[in-house]
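> Following this line is upload09.tsv, made up of TSV, C-alpha atoms and all ligand atoms:
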```
chain	number	residue	atom	x	y	z
A	1	MET	CA	0.00	0.00	0.00
A	2	ASN	CA	1.95	3.01	-1.25
A	3	SER	CA	1.36	6.31	-2.99
A	4	GLN	CA	3.70	8.86	-4.57
A	5	ASP	CA	1.87	11.62	-2.73
A	6	TRP	CA	2.68	10.42	0.78
A	7	PRO	CA	5.82	11.34	2.68
A	8	TYR	CA	6.11	7.69	3.79
A	9	LEU	CA	6.45	4.39	2.03
A	10	VAL	CA	5.99	0.83	3.23
A	11	GLU	CA	8.24	-2.03	2.20
A	12	PRO	CA	9.05	-5.52	3.44
A	13	MET	CA	11.37	-5.58	6.45
A	14	ARG	CA	14.92	-6.67	5.63
A	15	PRO	CA	17.61	-7.99	7.99
A	16	GLU	CA	19.46	-4.62	7.62
A	17	ASP	CA	16.42	-2.92	9.18
A	18	ILE	CA	16.67	-4.83	12.45
A	19	PRO	CA	18.97	-2.37	14.31
A	20	ALA	CA	16.59	0.53	13.61
A	21	VAL	CA	13.61	-1.69	14.46
A	22	MET	CA	15.27	-2.45	17.79
A	23	VAL	CA	15.63	1.27	18.59
A	24	ILE	CA	11.82	1.62	18.28
A	25	GLU	CA	11.15	-1.75	19.95
A	26	ARG	CA	13.06	-0.67	23.07
A	27	MET	CA	11.44	2.76	22.96
A	28	VAL	CA	7.79	1.68	22.87
A	29	TYR	CA	7.60	-1.76	24.50
A	30	SER	CA	8.27	-2.55	28.16
A	31	ARG	CA	9.15	-6.13	27.16
A	32	PRO	CA	10.98	-5.67	23.83
A	33	TRP	CA	11.63	-8.66	21.63
A	34	PRO	CA	15.34	-9.41	21.19
A	35	ALA	CA	16.90	-8.74	17.78
A	36	GLU	CA	17.23	-12.51	17.42
A	37	ALA	CA	13.45	-12.85	17.33
A	38	TYR	CA	13.28	-10.52	14.32
A	39	ARG	CA	16.15	-12.36	12.62
A	40	TYR	CA	14.20	-15.60	13.09
A	41	GLU	CA	10.98	-14.05	11.79
A	42	LEU	CA	12.67	-12.79	8.61
A	43	ALA	CA	14.94	-15.72	7.87
A	44	GLU	CA	13.21	-18.79	9.19
A	45	ASN	CA	9.52	-18.33	9.81
A	46	PRO	CA	7.68	-19.00	6.55
A	47	LYS	CA	4.41	-17.89	8.14
A	48	SER	CA	5.61	-14.38	8.96
A	49	HIS	CA	5.19	-11.18	6.94
A	50	TYR	CA	6.88	-8.04	8.26
A	51	TYR	CA	6.86	-4.49	6.90
A	52	VAL	CA	8.55	-1.21	7.74
A	53	ALA	CA	7.38	2.36	7.15
A	54	ARG	CA	10.02	4.83	6.04
A	55	LEU	CA	10.32	8.52	5.47
A	56	LYS	CA	10.84	9.01	1.73
A	57	ASP	CA	12.99	12.10	1.49
A	58	TYR	CA	15.15	11.35	4.49
A	59	ARG	CA	18.50	13.08	4.61
A	60	PRO	CA	20.65	11.99	7.52
A	61	ARG	CA	21.61	14.73	9.96
A	62	ARG	CA	25.35	15.25	9.88
A	63	GLU	CA	26.31	14.70	13.47
A	64	ALA	CA	29.17	16.94	14.58
A	65	GLY	CA	32.21	16.05	16.64
A	66	LEU	CA	34.02	12.83	17.35
A	67	LYS	CA	30.80	10.81	17.74
A	68	GLY	CA	29.65	11.86	14.26
A	69	ALA	CA	33.06	11.15	12.72
A	70	LEU	CA	33.15	7.69	14.28
A	71	LYS	CA	29.63	6.92	13.08
A	72	ARG	CA	30.54	8.02	9.54
A	73	ALA	CA	33.78	6.05	9.59
A	74	PHE	CA	32.42	2.82	10.98
A	75	GLY	CA	28.77	3.08	9.99
A	76	SER	CA	26.00	2.77	12.49
A	77	ALA	CA	22.92	0.89	11.50
A	78	GLU	CA	21.14	2.49	14.47
A	79	SER	CA	21.43	5.86	12.73
A	80	ASP	CA	18.81	4.80	10.16
A	81	GLU	CA	16.33	7.40	11.33
A	82	SER	CA	14.29	7.01	8.14
A	83	LEU	CA	12.63	3.96	9.66
A	84	LEU	CA	9.50	5.22	11.45
A	85	GLY	CA	7.64	2.06	12.34
A	86	TYR	CA	6.97	-1.58	11.60
A	87	GLY	CA	4.36	-4.26	11.80
A	88	GLY	CA	4.10	-7.97	11.26
A	89	LEU	CA	1.68	-10.81	11.01
A	90	TRP	CA	1.70	-14.56	11.13
A	91	LEU	CA	-0.57	-16.59	8.91
A	92	MET	CA	-1.88	-19.49	11.00
A	93	VAL	CA	-4.13	-21.68	8.84
A	94	ASP	CA	-6.90	-19.21	7.97
A	95	GLU	CA	-6.10	-16.68	10.69
A	96	ALA	CA	-3.75	-13.72	10.17
A	97	HIS	CA	-2.43	-12.74	13.59
A	98	VAL	CA	-0.86	-9.30	14.04
A	99	SER	CA	2.29	-10.08	16.03
A	100	THR	CA	3.55	-6.51	16.41
A	101	LEU	CA	2.81	-2.93	15.40
A	102	ALA	CA	4.94	-0.01	16.54
A	103	VAL	CA	5.70	3.56	15.52
A	104	HIS	CA	8.60	5.70	16.73
A	105	SER	CA	7.27	7.98	19.49
A	106	ASP	CA	8.33	11.12	17.56
A	107	TRP	CA	6.18	10.01	14.61
A	108	GLN	CA	3.03	8.75	16.29
A	109	GLY	CA	-0.33	10.34	15.49
A	110	ARG	CA	0.38	11.01	11.80
A	111	GLY	CA	-1.17	7.93	10.24
A	112	VAL	CA	1.95	5.75	10.12
A	113	GLY	CA	0.39	3.13	12.43
A	114	ALA	CA	-2.80	3.09	10.35
A	115	LEU	CA	-0.73	2.77	7.17
A	116	LEU	CA	1.09	-0.25	8.58
A	117	LEU	CA	-2.11	-1.82	9.89
A	118	ALA	CA	-3.85	-1.32	6.52
A	119	THR	CA	-0.82	-2.92	4.83
A	120	LEU	CA	-1.08	-5.95	7.13
A	121	ILE	CA	-4.81	-6.29	6.47
A	122	ASP	CA	-4.18	-6.05	2.70
A	123	LYS	CA	-1.58	-8.80	3.04
A	124	ALA	CA	-4.05	-10.92	5.01
A	125	VAL	CA	-6.59	-10.48	2.19
A	126	GLU	CA	-3.93	-11.42	-0.38
A	127	LEU	CA	-3.03	-14.52	1.65
A	128	GLN	CA	-6.73	-15.43	1.70
A	129	ALA	CA	-6.91	-15.38	5.48
A	130	ALA	CA	-10.46	-15.54	6.78
A	131	PHE	CA	-9.99	-12.94	9.52
A	132	VAL	CA	-7.31	-10.97	11.40
A	133	THR	CA	-6.70	-11.22	15.14
A	134	LEU	CA	-4.39	-9.66	17.71
A	135	GLU	CA	-3.80	-9.15	21.42
A	136	VAL	CA	-3.60	-5.72	22.99
A	137	ARG	CA	-3.06	-4.52	26.55
A	138	VAL	CA	-6.36	-3.57	28.20
A	139	SER	CA	-4.75	-0.20	29.10
A	140	ASN	CA	-3.63	0.55	25.51
A	141	LEU	CA	-6.59	2.68	24.51
A	142	ARG	CA	-4.79	4.36	21.63
A	143	ALA	CA	-4.03	1.09	19.89
A	144	GLN	CA	-7.55	-0.18	20.61
A	145	THR	CA	-9.03	2.95	18.99
A	146	LEU	CA	-6.96	2.35	15.88
A	147	TYR	CA	-7.90	-1.34	15.75
A	148	GLU	CA	-11.59	-0.60	16.26
A	149	ARG	CA	-11.46	1.89	13.41
A	150	TYR	CA	-10.17	-0.94	11.23
A	151	GLY	CA	-13.03	-3.23	12.21
A	152	PHE	CA	-11.48	-5.19	15.09
A	153	ARG	CA	-13.82	-6.04	17.95
A	154	LYS	CA	-13.01	-7.37	21.42
A	155	VAL	CA	-13.82	-11.07	21.41
A	156	GLY	CA	-12.11	-12.27	24.59
A	157	VAL	CA	-9.58	-11.66	27.34
A	158	ARG	CA	-6.30	-13.40	28.10
A	159	ARG	CA	-5.80	-13.03	31.82
A	160	LYS	CA	-2.33	-11.85	32.96
A	161	TYR	CA	-1.04	-12.16	29.41
A	162	TYR	CA	1.76	-9.62	29.90
A	163	SER	CA	4.34	-10.92	32.33
A	164	ASP	CA	5.94	-7.54	33.13
A	165	ASN	CA	2.91	-6.29	35.09
A	166	ASN	CA	0.46	-9.20	34.85
A	167	GLU	CA	-1.83	-7.07	32.69
A	168	ASP	CA	-4.69	-8.72	30.82
A	169	ALA	CA	-4.87	-8.69	27.02
A	170	PHE	CA	-7.98	-8.15	24.97
A	171	ILE	CA	-8.20	-10.57	22.07
A	172	MET	CA	-9.49	-8.57	19.11
A	173	SER	CA	-10.70	-9.94	15.79
A	174	THR	CA	-12.13	-8.67	12.55
A	175	GLU	CA	-15.18	-10.17	10.92
A	176	ALA	CA	-14.58	-12.16	7.71
A	177	ILE	CA	-12.20	-9.94	5.76
A	178	ASP	CA	-13.60	-11.07	2.42
A	179	SER	CA	-17.14	-10.01	3.35
A	180	PRO	CA	-18.51	-7.18	1.17
A	181	GLY	CA	-19.18	-5.08	4.29
A	182	TYR	CA	-15.63	-5.38	5.59
A	183	LEU	CA	-14.05	-4.71	2.21
A	184	ALA	CA	-16.27	-1.65	1.66
A	185	ASN	CA	-15.29	-0.27	5.07
A	186	LEU	CA	-11.62	-0.91	4.27
A	187	GLU	CA	-11.97	1.05	1.02
A	188	ALA	CA	-13.53	3.97	2.88
A	189	LEU	CA	-10.73	3.87	5.47
A	190	ARG	CA	-8.18	3.79	2.68
A	191	ALA	CA	-9.63	6.99	1.23
A	192	GLY	CA	-9.50	8.68	4.67
A	193	LEU	CA	-5.98	7.45	5.25
A	194	ASP	CA	-4.89	8.69	1.83
A	195	ALA	CA	-6.12	12.20	2.64
A	196	ARG	CA	-4.48	12.04	6.06
A	197	LEU	CA	-1.13	10.91	4.69
A	198	ARG	CA	-1.10	13.52	1.92
A	199	ALA	CA	-1.47	16.15	4.62
A	200	SER	CA	1.03	14.54	6.99
A	201	PRO	CA	4.18	16.59	7.60
A	202	ALA	CA	7.37	14.94	6.35
A	203	ARG	CA	9.41	16.35	9.22
A	204	LYS	CA	9.50	15.93	12.92
A	205	GLU	CA	7.98	18.90	14.73
A	206	GLU	CA	10.93	20.36	16.60
A	301	LIG	C1	-0.48	2.14	18.53
A	301	LIG	C2	0.45	2.81	17.51
A	301	LIG	C3	1.10	1.75	16.64
A	301	LIG	C4	-0.39	3.75	16.63
A	301	LIG	O1	0.49	4.33	15.68
A	301	LIG	P1	0.27	5.85	15.22
A	301	LIG	O2	1.15	6.09	14.05
A	301	LIG	O3	0.38	6.75	16.37
A	301	LIG	O4	-1.24	5.76	14.75
A	301	LIG	P2	-2.01	6.68	13.72
A	301	LIG	O5	-1.43	8.05	13.67
A	301	LIG	O6	-2.11	5.95	12.44
A	301	LIG	O7	-3.41	6.70	14.40
A	301	LIG	C5	-3.50	7.43	15.55
A	301	LIG	C6	-4.79	8.18	15.54
A	301	LIG	O8	-5.33	8.40	14.26
A	301	LIG	C7	-6.61	7.81	14.15
A	301	LIG	N1	-6.77	7.32	12.78
A	301	LIG	C8	-6.34	6.13	12.31
A	301	LIG	N2	-6.72	5.99	11.04
A	301	LIG	C9	-7.36	7.13	10.67
A	301	LIG	C10	-7.97	7.58	9.47
A	301	LIG	N3	-8.03	6.81	8.35
A	301	LIG	N4	-8.52	8.80	9.45
A	301	LIG	C11	-8.49	9.58	10.56
A	301	LIG	N5	-7.94	9.20	11.72
A	301	LIG	C12	-7.39	7.98	11.78
A	301	LIG	C13	-6.59	6.77	15.18
A	301	LIG	O9	-7.86	6.37	15.60
A	301	LIG	C14	-5.83	7.45	16.27
A	301	LIG	O10	-6.62	8.38	16.96
A	301	LIG	P3	-6.03	9.25	18.17
A	301	LIG	O11	-5.47	10.50	17.53
A	301	LIG	O12	-7.21	9.52	19.01
A	301	LIG	O13	-4.95	8.45	18.83
A	301	LIG	C15	1.52	3.68	18.21
A	301	LIG	O14	0.89	4.57	19.08
A	301	LIG	C16	2.57	2.86	18.95
A	301	LIG	O15	3.59	2.47	18.39
A	301	LIG	N6	2.35	2.64	20.26
A	301	LIG	C17	3.30	1.89	21.07
A	301	LIG	C18	3.35	0.43	20.70
A	301	LIG	C19	1.99	-0.20	20.77
A	301	LIG	O16	1.24	0.05	21.70
A	301	LIG	N7	1.68	-1.02	19.76
A	301	LIG	C20	0.44	-1.75	19.69
A	301	LIG	C21	0.63	-3.04	20.37
A	301	LIG	S1	-0.85	-4.00	20.33
```
In structure tokens, write the structure found in this file.
Ligand SMILES: CC(C)(COP(=O)(O)OP(=O)(O)OC[C@H]1O[C@@H](n2cnc3c(N)ncnc32)[C@H](O)[C@@H]1OP(=O)(O)O)[C@@H](O)C(=O)NCCC(=O)NCCS


Amino acid sequence: MNSQDWPYLVEPMRPEDIPAVMVIERMVYSRPWPAEAYRYELAENPKSHYYVARLKDYRPRREAGLKGALKRAFGSAESDESLLGYGGLWLMVDEAHVSTLAVHSDWQGRGVGALLLATLIDKAVELQAAFVTLEVRVSNLRAQTLYERYGFRKVGVRRKYYSDNNEDAFIMSTEAIDSPGYLANLEALRAGLDARLRASPARKEE
């Protein structure tokens, strides 16, 4: 799901993206996955489909001083600040399960999360999954709002699912993603998202 008129683009996650993914992972999750988990997902899990969102016209800041010189000399994958977010799903029989969705905290609230989620749902449709599911912390109202907008409904609770604070997870699921109603709603959301992304600033607000 990409357009020339957006400041962002979405592409499949590559192993080179993992250091920048880990910067965001540690930033937004209290129990981050290790880099090894992403390496496994990309290289060995045939059921997984991962994407990253990038800023299109990214020009790296030229960091001054010794730190900048060392980074330029030796390269630092963590300096890939063009990577704004990522999401992934697992196809399990006829169920597409969103395994992760995260956006850099400086870039949240501009439609990047919705763009990634719409990409995952499109992939689920392409893979002929029957529906899409996920787990979300009961306290994560922002993510729940986004998921509900994309047709996910709370269908159950996993008690004490998150081991860091014993928080419960809501299990959320779409209806059948090939139903005319769901596809029509997705089309309408796509139009709204398109307008939102066209208007989205391509720079961080300082
Ligand atoms: C949850 C998360 C991925 C959302 O990403 P994001 O880029 O901030 O999300 P978006 O900008 O696309 O959507 C945010 C807002 O836009 C709204 N929105 C989404 N699609 C829209 C559309 N087509 N038109 C208008 N508004 C829309 C959302 O409902 C939401 O509303 P809010 O402003 O009240 O929060 C992000 O906050 C994040 O990384 N959080 C930490 C990690 C996490 O919690 N991940 C989810 C784990 S289950």

> Show me which residues sit within 6 Å of ligand LIG 301 (chain A) when counting all atoms listed in the file, and put them as a list in words.

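Checked against 6 Å with all atoms listed in the file; the hits are Val28, Leu101, Ala102, Val103, Gln108, Gly109, Arg110, Gly111, Val112, Gly113, Ala114, Val136, Arg142, Ala143, Thr145, Leu146, Leu189, Gly192 and Leu193 of chain A.
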
> Could you list, with a cut-off of 8 Å and counting all atoms listed in the file, the residues of region 12-130 of chain A near region 169-181 of chain A, each shown with its nearest atom pair and the distance in Å rounded to one decimal, rows sorted by chain and ascending number, as a Markdown table?


```
| residue | atom | partner | partner_atom | distance |
| --- | --- | --- | --- | --- |
| A:Val125 | CA | A:Ile177 | CA | 6.7 |
| A:Ala129 | CA | A:Ile177 | CA | 7.6 |
| A:Ala130 | CA | A:Ala176 | CA | 5.4 |
```

> Please tell me which residues are no farther than 10 Å from (7.0, -2.1, 0.4) in the file, counting only C-alpha atoms, and write them as a list of chain:residue names.

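Within 10 Å of (7.0, -2.1, 0.4), the protein and nucleic acid residues are A:Met1, A:Asn2, A:Leu9, A:Val10, A:Glu11, A:Pro12, A:Met13, A:Tyr50, A:Tyr51, A:Val52, A:Ala53, A:Arg54, A:Thr119.
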
> What does the distance from CA of Phe131 (chain A) to CA of Arg149 (chain A) come to in Å, to one decimal?

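Distance reported for this atom pair: 15.4 Å.
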
> With distances taken over all atoms listed in the file, which residue among A:Arg31, A:Glu167, A:Thr133, A:Pro201 lies nearest Ala96 (chain A)?

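Smallest distance to Ala96 (chain A) is found for A:Thr133.
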
> Just give me the gap between CA of Gly151 (chain A) and CA of Tyr182 (chain A) in Å, one decimal is fine.

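Between CA of Gly151 (chain A) and CA of Tyr182 (chain A) the gap is 7.4 Å.
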
> With all atoms listed in the file as the basis for distance, which of A:Asp164, A:Glu44, A:Glu187, A:Asp57 is at the shortest distance from Tyr29 (chain A)?

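Answer, going by the shortest atom-to-atom distance: A:Asp164.
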
> Suppose you want the space between CA of Phe152 (chain A) and CA of Leu197 (chain A); what is it in Å?

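Pair CA of Phe152 (chain A) / CA of Leu197 (chain A) returns 21.8 Å.
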
> So which one's closest to Pro32 (chain A), A:Ala118, A:Tyr8, A:Thr100, A:Leu186? Using all atoms listed in the file, please.

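Ranking A:Ala118, A:Tyr8, A:Thr100, A:Leu186 by distance to Pro32 (chain A), first place goes to A:Thr100.
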